[in-house]
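structure_18.tsv, holding TSV, C-alpha atoms:
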```tsv
chain	number	residue	atom	x	y	z
U	23	MET	CA	118.26	93.92	95.66
U	24	PHE	CA	118.02	90.11	95.60
U	25	GLU	CA	121.68	89.94	94.65
U	26	ILE	CA	122.70	91.84	97.78
U	27	ALA	CA	120.56	89.57	99.92
U	28	ALA	CA	122.12	86.50	98.31
U	29	ILE	CA	125.64	87.80	98.94
U	30	VAL	CA	124.80	88.49	102.58
U	31	ILE	CA	123.40	84.97	102.93
U	32	VAL	CA	126.59	83.51	101.47
U	33	LEU	CA	128.75	85.57	103.84
U	34	GLY	CA	126.65	84.35	106.76
U	35	ALA	CA	127.08	80.78	105.56
U	36	ILE	CA	130.85	81.29	105.48
U	37	LEU	CA	130.76	82.49	109.09
U	38	VAL	CA	128.78	79.41	110.08
U	39	LEU	CA	131.21	77.23	108.11
U	40	TYR	CA	133.98	78.50	110.39
U	41	ARG	CA	132.00	77.18	113.34
U	42	ALA	CA	131.44	73.87	111.59
U	43	LEU	CA	135.16	73.46	110.98
U	44	LYS	CA	136.37	74.80	114.31
U	45	GLY	CA	133.54	73.89	116.67
U	46	PRO	CA	134.87	72.42	119.91
U	47	ARG	CA	132.00	70.01	120.42
U	48	VAL	CA	130.29	67.79	117.91
U	49	TYR	CA	126.93	69.45	118.63
U	50	ASP	CA	128.31	72.79	117.46
U	51	ARG	CA	129.21	71.17	114.17
U	52	ALA	CA	125.79	69.53	113.83
U	53	LEU	CA	124.04	72.83	114.53
U	54	ALA	CA	126.29	74.63	112.05
U	55	VAL	CA	125.53	72.11	109.33
U	56	ASN	CA	121.82	72.47	110.03
U	57	ILE	CA	122.06	76.27	109.79
U	58	ILE	CA	123.91	76.01	106.48
U	59	GLY	CA	121.06	73.87	105.22
U	60	THR	CA	118.52	76.48	106.26
U	61	LYS	CA	120.57	79.21	104.55
U	62	THR	CA	120.67	77.06	101.43
U	63	VAL	CA	116.87	77.04	101.34
U	64	ILE	CA	116.75	80.85	101.36
U	65	LEU	CA	119.60	81.07	98.85
U	66	LEU	CA	117.75	78.78	96.46
U	67	ALA	CA	114.63	80.94	96.71
U	68	LEU	CA	116.71	84.08	96.05
U	69	ILE	CA	118.42	82.46	93.05
U	70	GLY	CA	114.97	81.66	91.71
U	71	PHE	CA	114.07	85.34	91.93
U	72	ILE	CA	117.39	86.56	90.49
U	73	TYR	CA	117.29	84.36	87.41
U	74	GLU	CA	113.47	84.60	87.19
U	75	ARG	CA	113.03	80.85	87.21
U	76	PRO	CA	110.28	80.03	89.70
U	77	HIS	CA	111.04	76.31	89.52
U	78	PHE	CA	113.81	76.98	92.01
U	79	LEU	CA	111.10	77.39	94.65
U	80	ASP	CA	110.24	73.71	94.24
U	81	ILE	CA	113.86	72.78	94.92
U	82	ALA	CA	113.93	75.09	97.94
U	83	LEU	CA	110.78	73.42	99.25
U	84	VAL	CA	112.19	69.92	98.97
U	85	TYR	CA	115.41	71.08	100.62
U	86	ALA	CA	113.41	72.55	103.49
U	87	LEU	CA	111.46	69.32	103.88
U	88	ILE	CA	114.36	66.88	103.96
U	89	ASN	CA	117.45	68.76	105.13
U	90	PHE	CA	116.90	68.00	108.80
U	91	ILE	CA	116.81	64.24	108.22
U	92	ALA	CA	120.61	64.20	107.92
U	93	THR	CA	120.95	66.09	111.19
U	94	ILE	CA	118.62	63.70	112.99
U	95	ALA	CA	120.46	60.69	111.56
U	96	PHE	CA	123.84	62.13	112.58
U	97	LEU	CA	122.73	62.92	116.13
U	98	LYS	CA	121.08	59.53	116.52
U	99	TYR	CA	124.26	57.85	115.36
U	100	MET	CA	126.28	59.89	117.85
U	101	GLU	CA	123.94	58.95	120.68
U	102	THR	CA	123.16	55.29	120.09
U	103	GLY	CA	125.93	54.16	117.72
U	104	GLY	CA	123.43	52.90	115.16
U	105	LEU	CA	120.67	54.07	112.92
U	106	ASP	CA	117.93	51.58	113.72
B	16	MET	CA	114.18	56.67	120.35
B	17	LYS	CA	111.28	56.12	122.71
B	18	GLU	CA	112.18	59.07	124.95
B	19	HIS	CA	112.54	61.70	122.22
B	20	ILE	CA	108.99	62.95	121.89
B	21	ILE	CA	109.94	66.05	119.87
B	22	VAL	CA	111.54	64.01	117.10
B	23	ARG	CA	108.61	61.62	116.97
B	24	VAL	CA	105.96	64.38	116.86
B	25	ILE	CA	107.81	66.39	114.21
B	26	ALA	CA	108.39	63.26	112.15
B	27	SER	CA	104.75	62.21	112.32
B	28	ILE	CA	103.71	65.72	111.24
B	29	LEU	CA	106.19	66.04	108.38
B	30	ILE	CA	106.16	62.54	106.88
B	31	PRO	CA	102.77	62.95	105.10
B	32	PHE	CA	103.87	66.24	103.58
B	33	ILE	CA	107.17	64.78	102.36
B	34	GLN	CA	105.32	61.88	100.76
B	35	LEU	CA	102.77	64.23	99.17
B	36	TYR	CA	105.63	66.32	97.80
B	37	ALA	CA	107.28	63.20	96.43
B	38	LEU	CA	104.09	62.38	94.54
B	39	TYR	CA	104.00	65.98	93.26
B	40	VAL	CA	107.57	65.72	92.01
B	41	ILE	CA	106.79	62.44	90.22
B	42	ALA	CA	103.59	63.78	88.66
B	43	HIS	CA	105.09	67.11	87.52
B	44	GLY	CA	108.37	65.64	86.29
B	45	GLU	CA	107.89	66.70	82.67
B	46	ILE	CA	106.94	70.35	83.23
B	47	GLY	CA	109.04	71.18	86.29
B	48	PRO	CA	112.18	70.06	88.04
B	49	GLY	CA	112.16	66.46	89.15
B	50	GLY	CA	110.87	63.22	87.76
B	51	GLY	CA	110.58	59.61	88.75
B	52	PHE	CA	114.03	59.23	90.25
B	53	GLN	CA	113.90	62.39	92.33
B	54	GLY	CA	110.40	61.69	93.58
B	55	GLY	CA	111.40	58.19	94.55
B	56	VAL	CA	114.39	59.50	96.47
B	57	ILE	CA	112.21	62.00	98.34
B	58	PHE	CA	109.70	59.25	99.14
B	59	SER	CA	112.42	57.00	100.51
B	60	ALA	CA	113.74	59.93	102.57
B	61	SER	CA	110.36	60.02	104.34
B	62	ILE	CA	110.66	56.31	105.13
B	63	ILE	CA	114.21	56.87	106.42
B	64	LEU	CA	112.86	59.60	108.70
B	65	TYR	CA	110.24	57.13	109.92
B	66	VAL	CA	112.93	54.58	110.74
B	67	LEU	CA	115.01	57.20	112.58
B	68	ALA	CA	112.06	58.34	114.68
B	69	PHE	CA	110.19	55.12	115.37
B	70	GLY	CA	112.74	52.37	115.03
B	71	MET	CA	113.47	49.53	112.67
B	72	GLU	CA	110.91	47.00	113.90
B	73	GLU	CA	108.01	49.44	113.60
B	74	ALA	CA	109.07	50.38	110.07
B	75	ARG	CA	109.55	46.75	109.06
B	76	SER	CA	106.03	45.99	110.32
B	77	ARG	CA	104.77	48.70	107.94
B	78	ILE	CA	106.97	47.78	104.97
B	79	SER	CA	108.12	44.20	105.09
B	80	GLN	CA	111.10	42.83	103.20
B	81	LYS	CA	108.75	40.97	100.88
B	82	MET	CA	106.76	44.09	100.09
B	83	SER	CA	109.79	46.22	99.25
B	84	ASP	CA	111.18	43.44	97.02
B	85	LEU	CA	107.80	43.19	95.33
B	86	LEU	CA	107.56	46.94	94.79
B	87	SER	CA	111.08	47.23	93.40
B	88	SER	CA	110.29	44.71	90.70
B	89	THR	CA	106.78	46.07	90.09
B	90	GLY	CA	108.13	49.44	89.01
B	91	ALA	CA	110.57	47.90	86.53
B	92	LEU	CA	107.71	45.76	85.23
B	93	ILE	CA	105.55	48.86	84.67
B	94	PHE	CA	108.42	50.42	82.70
B	95	ALA	CA	108.88	47.32	80.56
B	96	ILE	CA	105.16	46.79	79.96
B	97	ILE	CA	104.65	50.36	78.77
B	98	GLY	CA	107.65	50.03	76.47
B	99	LEU	CA	106.35	46.75	75.05
B	100	LEU	CA	102.86	48.20	74.61
B	101	CYS	CA	104.44	50.82	72.37
B	102	ILE	CA	105.90	47.99	70.24
B	103	LEU	CA	102.51	46.26	70.13
B	104	ALA	CA	100.89	49.52	69.04
B	105	GLY	CA	103.18	49.72	66.02
B	106	GLY	CA	106.04	51.95	67.13
B	107	SER	CA	109.46	51.19	68.52
B	108	TYR	CA	110.32	50.64	72.17
B	109	LEU	CA	109.12	53.57	74.33
B	110	GLU	CA	107.69	55.46	71.35
B	111	TYR	CA	104.78	56.83	73.33
B	112	ASP	CA	102.89	58.71	70.64
B	113	GLN	CA	102.02	55.43	68.91
B	114	LEU	CA	99.91	54.39	71.90
B	115	PRO	CA	96.16	54.33	71.17
B	116	LEU	CA	95.24	56.98	73.74
B	117	GLY	CA	93.56	59.73	71.77
B	118	THR	CA	95.84	62.26	70.12
B	119	PRO	CA	99.60	61.50	69.83
B	120	LYS	CA	100.37	64.40	72.19
B	121	LEU	CA	98.07	63.04	74.89
B	122	ALA	CA	99.44	59.54	74.36
B	123	SER	CA	103.01	60.81	74.73
B	124	HIS	CA	102.02	62.67	77.91
B	125	LEU	CA	100.36	59.62	79.47
B	126	GLY	CA	103.20	57.32	78.43
B	127	ILE	CA	105.84	59.50	80.07
B	128	TYR	CA	103.58	59.74	83.13
B	129	GLY	CA	103.36	55.96	83.46
B	130	ILE	CA	107.11	55.58	82.99
B	131	GLU	CA	107.77	58.14	85.73
B	132	ILE	CA	105.44	56.31	88.11
B	133	GLY	CA	107.27	53.05	87.47
B	134	ILE	CA	110.69	54.61	88.00
B	135	GLY	CA	109.47	56.28	91.20
B	136	ILE	CA	108.18	53.01	92.68
B	137	THR	CA	111.41	51.18	91.85
B	138	VAL	CA	113.75	53.87	93.15
B	139	ALA	CA	111.81	54.32	96.39
B	140	ALA	CA	111.71	50.59	97.10
B	141	VAL	CA	115.38	50.00	96.25
B	142	LEU	CA	116.60	52.92	98.36
B	143	ILE	CA	114.44	51.76	101.29
B	144	THR	CA	115.97	48.30	100.95
B	145	ILE	CA	119.52	49.70	100.85
B	146	PHE	CA	118.92	51.79	103.96
B	147	PHE	CA	117.35	48.89	105.85
B	148	GLU	CA	120.23	46.58	104.99
B	149	MET	CA	122.88	49.12	105.96
B	150	ALA	CA	121.19	50.29	109.16
B	151	GLY	CA	120.34	46.79	110.32
B	152	ARG	CA	123.91	45.52	110.09
B	153	LYS	CA	125.46	44.92	113.46
B	154	ASP	CA	128.81	43.22	112.88
B	155	ASP	CA	131.22	46.10	112.15
```
Can you give me the file's structure in the form of structure tokens?
Amino acid sequence: MFEIAAIVIVLGAILVLYRALKGPRVYDRALAVNIIGTKTVILLALIGFIYERPHFLDIALVYALINFIATIAFLKYMETGGLD
Amino acid sequence: MKEHIIVRVIASILIPFIQLYALYVIAHGEIGPGGGFQGGVIFSASIILYVLAFGMEEARSRISQKMSDLLSSTGALIFAIIGLLCILAGGSYLEYDQLPLGTPKLASHLGIYGIEIGIGITVAAVLITIFFEMAGRKDD
């Protein structure tokens, strides 16, 4: 059951990766990268269930907490040309 | 980023939780995933988010250059002092269970805990310094 869900998540991430590579505007790419990060959170939780190692939930939690920082930094760099 | 109120509100909500999680990762480094280095990296990620949302001057007024330099050497000093205390207690360097802290198992636990705290302080301060130096550069 969890395996099927994980495979579906990976297929969805591949679809989003097409948008990240192709994406006509830079905002499409930023959004695609952010969605891949969100899918990674769910994939980590599913891997924790599949291999019965609940420590993976900790890693999923830290990924959920900090994966949007890269997106904010990227968009700020695109807008202002600097990070400060 | 004075006009982006969404980024500032979300950052001010999430930064305490990221820092709390960093302390959790440091404290539970021996029984779960993580440790001093990972917790320090997560802690510095919260400071980076603060810089992105509120600007460099505001962040430098919270954490000055002097303070981050001081913290980065304080963590290494904690590491070295705990290692030398193990020598003074009769063991070799970083042999925690020789520390006079109750049973050897408890002493080993507390020794590793202190080491992780030192590593976390150093890594967080050094990564904050690296980000400040790279983001504050204007010439290229």
> Within 9 Å of chain U, which residues of chain B show up when using all atoms listed in the file, listed as JSON, numbers by chain?
Replying inline: {"B": [16, 22, 29, 32, 33, 36, 37, 40, 47, 48, 49, 57, 60, 61, 63, 64, 66, 67, 68, 69, 70, 71, 72, 147, 149, 150, 151, 152, 153]}
>> Report, in Å to a single decimal, how far apart CA of Leu66 (chain U) and CA of Ala42 (chain B) are.
In response: 22.1 Å
>> Give me, as a ChimeraX atom specification, all polymer residues having an atom no more than 9 Å from Ile30 (chain B), counting only C-alpha atoms and skipping those fewer than 3 positions away in the same chain.
In response: /B:25-27,33-35,61-62,64-65
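Reported to one decimal place, the separation of CA of Leu121 (chain B) from CA of Tyr108 (chain B) is 17.6 Å.
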> How many Å separate CA of Ala42 (chain U) from CA of Ala54 (chain U)?
Replying inline: 5.2 Å
>> For Leu43 (chain U), find every residue with an atom within 12 Å (counting all atoms listed in the file), except residues of its own chain fewer than 5 positions away, and show them as a PyMOL selection string.
In response: chain U and resi 36-38+48-55
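Among the candidates B:Gly44, B:Gly51, B:Gly126, B:Gly135, the residue lying nearest to Leu99 (chain B) is B:Gly126 (atoms considered: all atoms listed in the file).
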> Leaving out Ile72 (chain U) and any residue of its chain fewer than 3 positions from it, which residues lie within 9 Å of it when counting all atoms listed in the file, given as a VMD selection string?
Replying inline: chain U and resid 24 to 25 67 to 69 75
>> At a cut-off of 6 Å, using all atoms listed in the file, what residues contact Glu110 (chain B)? Leave out same-chain residues fewer than 3 positions from it and give the result as number ranges by chain.
In response: B: 101, 106-107
So that I can see what lies close to region 90-96 of chain B, please list as a CSV table (one decimal) with C-alpha atoms, in the frame of the given file the residues with an atom at most 8 Å from it, counting all atoms listed in the file and leaving out residues fewer than 3 positions away in the same chain.
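Output below, filename part39.csv:
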```csv
chain,number,residue,atom,x,y,z
B,86,LEU,CA,107.6,46.9,94.8
B,87,SER,CA,111.1,47.2,93.4
B,99,LEU,CA,106.4,46.8,75.0
B,100,LEU,CA,102.9,48.2,74.6
B,129,GLY,CA,103.4,56.0,83.5
B,130,ILE,CA,107.1,55.6,83.0
B,132,ILE,CA,105.4,56.3,88.1
B,133,GLY,CA,107.3,53.0,87.5
B,134,ILE,CA,110.7,54.6,88.0
B,135,GLY,CA,109.5,56.3,91.2
B,136,ILE,CA,108.2,53.0,92.7
B,137,THR,CA,111.4,51.2,91.8
```
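Using all atoms listed in the file, the smallest distance between any of B:Val138, B:Glu131, B:Phe146, B:Pro115 and Glu45 (chain B) comes from B:Glu131.
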>> My list of candidates is B:Ser59, B:Thr144, B:Gln53, B:Ser123. Which is closest to Gln80 (chain B) when distances are computed with all atoms listed in the file?
In response: B:Thr144
Give the centre and edge lengths of an axis-aligned box, in Å to one decimal, that holds all listed atoms of region 112-127 of chain B with 6 Å on each side, as lines of an AutoDock Vina configuration file.
```
center_x = 99.7
center_y = 59.4
center_z = 74.5
size_x = 24.3
size_y = 22.1
size_z = 23.2
```
Starting from the sparse input, extend region 30-49 of chain B to N, CA and C atoms and give the output as an mmCIF file, keeping the file's coordinate frame.
```
data_model
loop_
_atom_site.group_PDB
_atom_site.id
_atom_site.type_symbol
_atom_site.label_atom_id
_atom_site.label_comp_id
_atom_site.auth_asym_id
_atom_site.auth_seq_id
_atom_site.Cartn_x
_atom_site.Cartn_y
_atom_site.Cartn_z
ATOM 1 N N ILE B 30 106.080 63.661 107.820
ATOM 2 C CA ILE B 30 106.160 62.540 106.880
ATOM 3 C C ILE B 30 105.053 62.584 105.818
ATOM 4 N N PRO B 31 103.772 62.876 106.168
ATOM 5 C CA PRO B 31 102.770 62.950 105.100
ATOM 6 C C PRO B 31 103.046 64.035 104.079
ATOM 7 N N PHE B 32 103.588 65.176 104.526
ATOM 8 C CA PHE B 32 103.870 66.240 103.580
ATOM 9 C C PHE B 32 105.034 65.877 102.663
ATOM 10 N N ILE B 33 106.047 65.202 103.210
ATOM 11 C CA ILE B 33 107.170 64.780 102.360
ATOM 12 C C ILE B 33 106.689 63.795 101.316
ATOM 13 N N GLN B 34 105.809 62.869 101.733
ATOM 14 C CA GLN B 34 105.320 61.880 100.760
ATOM 15 C C GLN B 34 104.437 62.533 99.703
ATOM 16 N N LEU B 35 103.608 63.508 100.138
ATOM 17 C CA LEU B 35 102.770 64.230 99.170
ATOM 18 C C LEU B 35 103.636 64.998 98.182
ATOM 19 N N TYR B 36 104.737 65.586 98.687
ATOM 20 C CA TYR B 36 105.630 66.320 97.800
ATOM 21 C C TYR B 36 106.346 65.390 96.844
ATOM 22 N N ALA B 37 106.652 64.177 97.328
ATOM 23 C CA ALA B 37 107.280 63.200 96.430
ATOM 24 C C ALA B 37 106.330 62.852 95.288
ATOM 25 N N LEU B 38 105.049 62.675 95.605
ATOM 26 C CA LEU B 38 104.090 62.380 94.540
ATOM 27 C C LEU B 38 103.956 63.560 93.589
ATOM 28 N N TYR B 39 104.034 64.782 94.124
ATOM 29 C CA TYR B 39 104.000 65.980 93.260
ATOM 30 C C TYR B 39 105.179 66.012 92.312
ATOM 31 N N VAL B 40 106.373 65.695 92.851
ATOM 32 C CA VAL B 40 107.570 65.720 92.010
ATOM 33 C C VAL B 40 107.475 64.667 90.914
ATOM 34 N N ILE B 41 106.939 63.483 91.250
ATOM 35 C CA ILE B 41 106.790 62.440 90.220
ATOM 36 C C ILE B 41 105.783 62.886 89.165
ATOM 37 N N ALA B 42 104.662 63.468 89.606
ATOM 38 C CA ALA B 42 103.590 63.780 88.660
ATOM 39 C C ALA B 42 103.939 64.971 87.781
ATOM 40 N N HIS B 43 104.761 65.916 88.298
ATOM 41 C CA HIS B 43 105.090 67.110 87.520
ATOM 42 C C HIS B 43 106.485 67.023 86.926
ATOM 43 N N GLY B 44 106.986 65.783 86.734
ATOM 44 C CA GLY B 44 108.370 65.640 86.290
ATOM 45 C C GLY B 44 108.629 66.200 84.917
ATOM 46 N N GLU B 45 107.610 66.273 84.046
ATOM 47 C CA GLU B 45 107.890 66.700 82.670
ATOM 48 C C GLU B 45 107.795 68.208 82.510
ATOM 49 N N ILE B 46 107.081 68.902 83.408
ATOM 50 C CA ILE B 46 106.940 70.350 83.230
ATOM 51 C C ILE B 46 107.689 71.132 84.296
ATOM 52 N N GLY B 47 108.288 70.462 85.264
ATOM 53 C CA GLY B 47 109.040 71.180 86.290
ATOM 54 C C GLY B 47 110.294 70.406 86.615
ATOM 55 N N PRO B 48 111.023 70.841 87.628
ATOM 56 C CA PRO B 48 112.180 70.060 88.040
ATOM 57 C C PRO B 48 111.733 68.762 88.700
ATOM 58 N N GLY B 49 112.499 67.720 88.496
ATOM 59 C CA GLY B 49 112.160 66.460 89.150
ATOM 60 C C GLY B 49 111.858 65.383 88.133
#
```
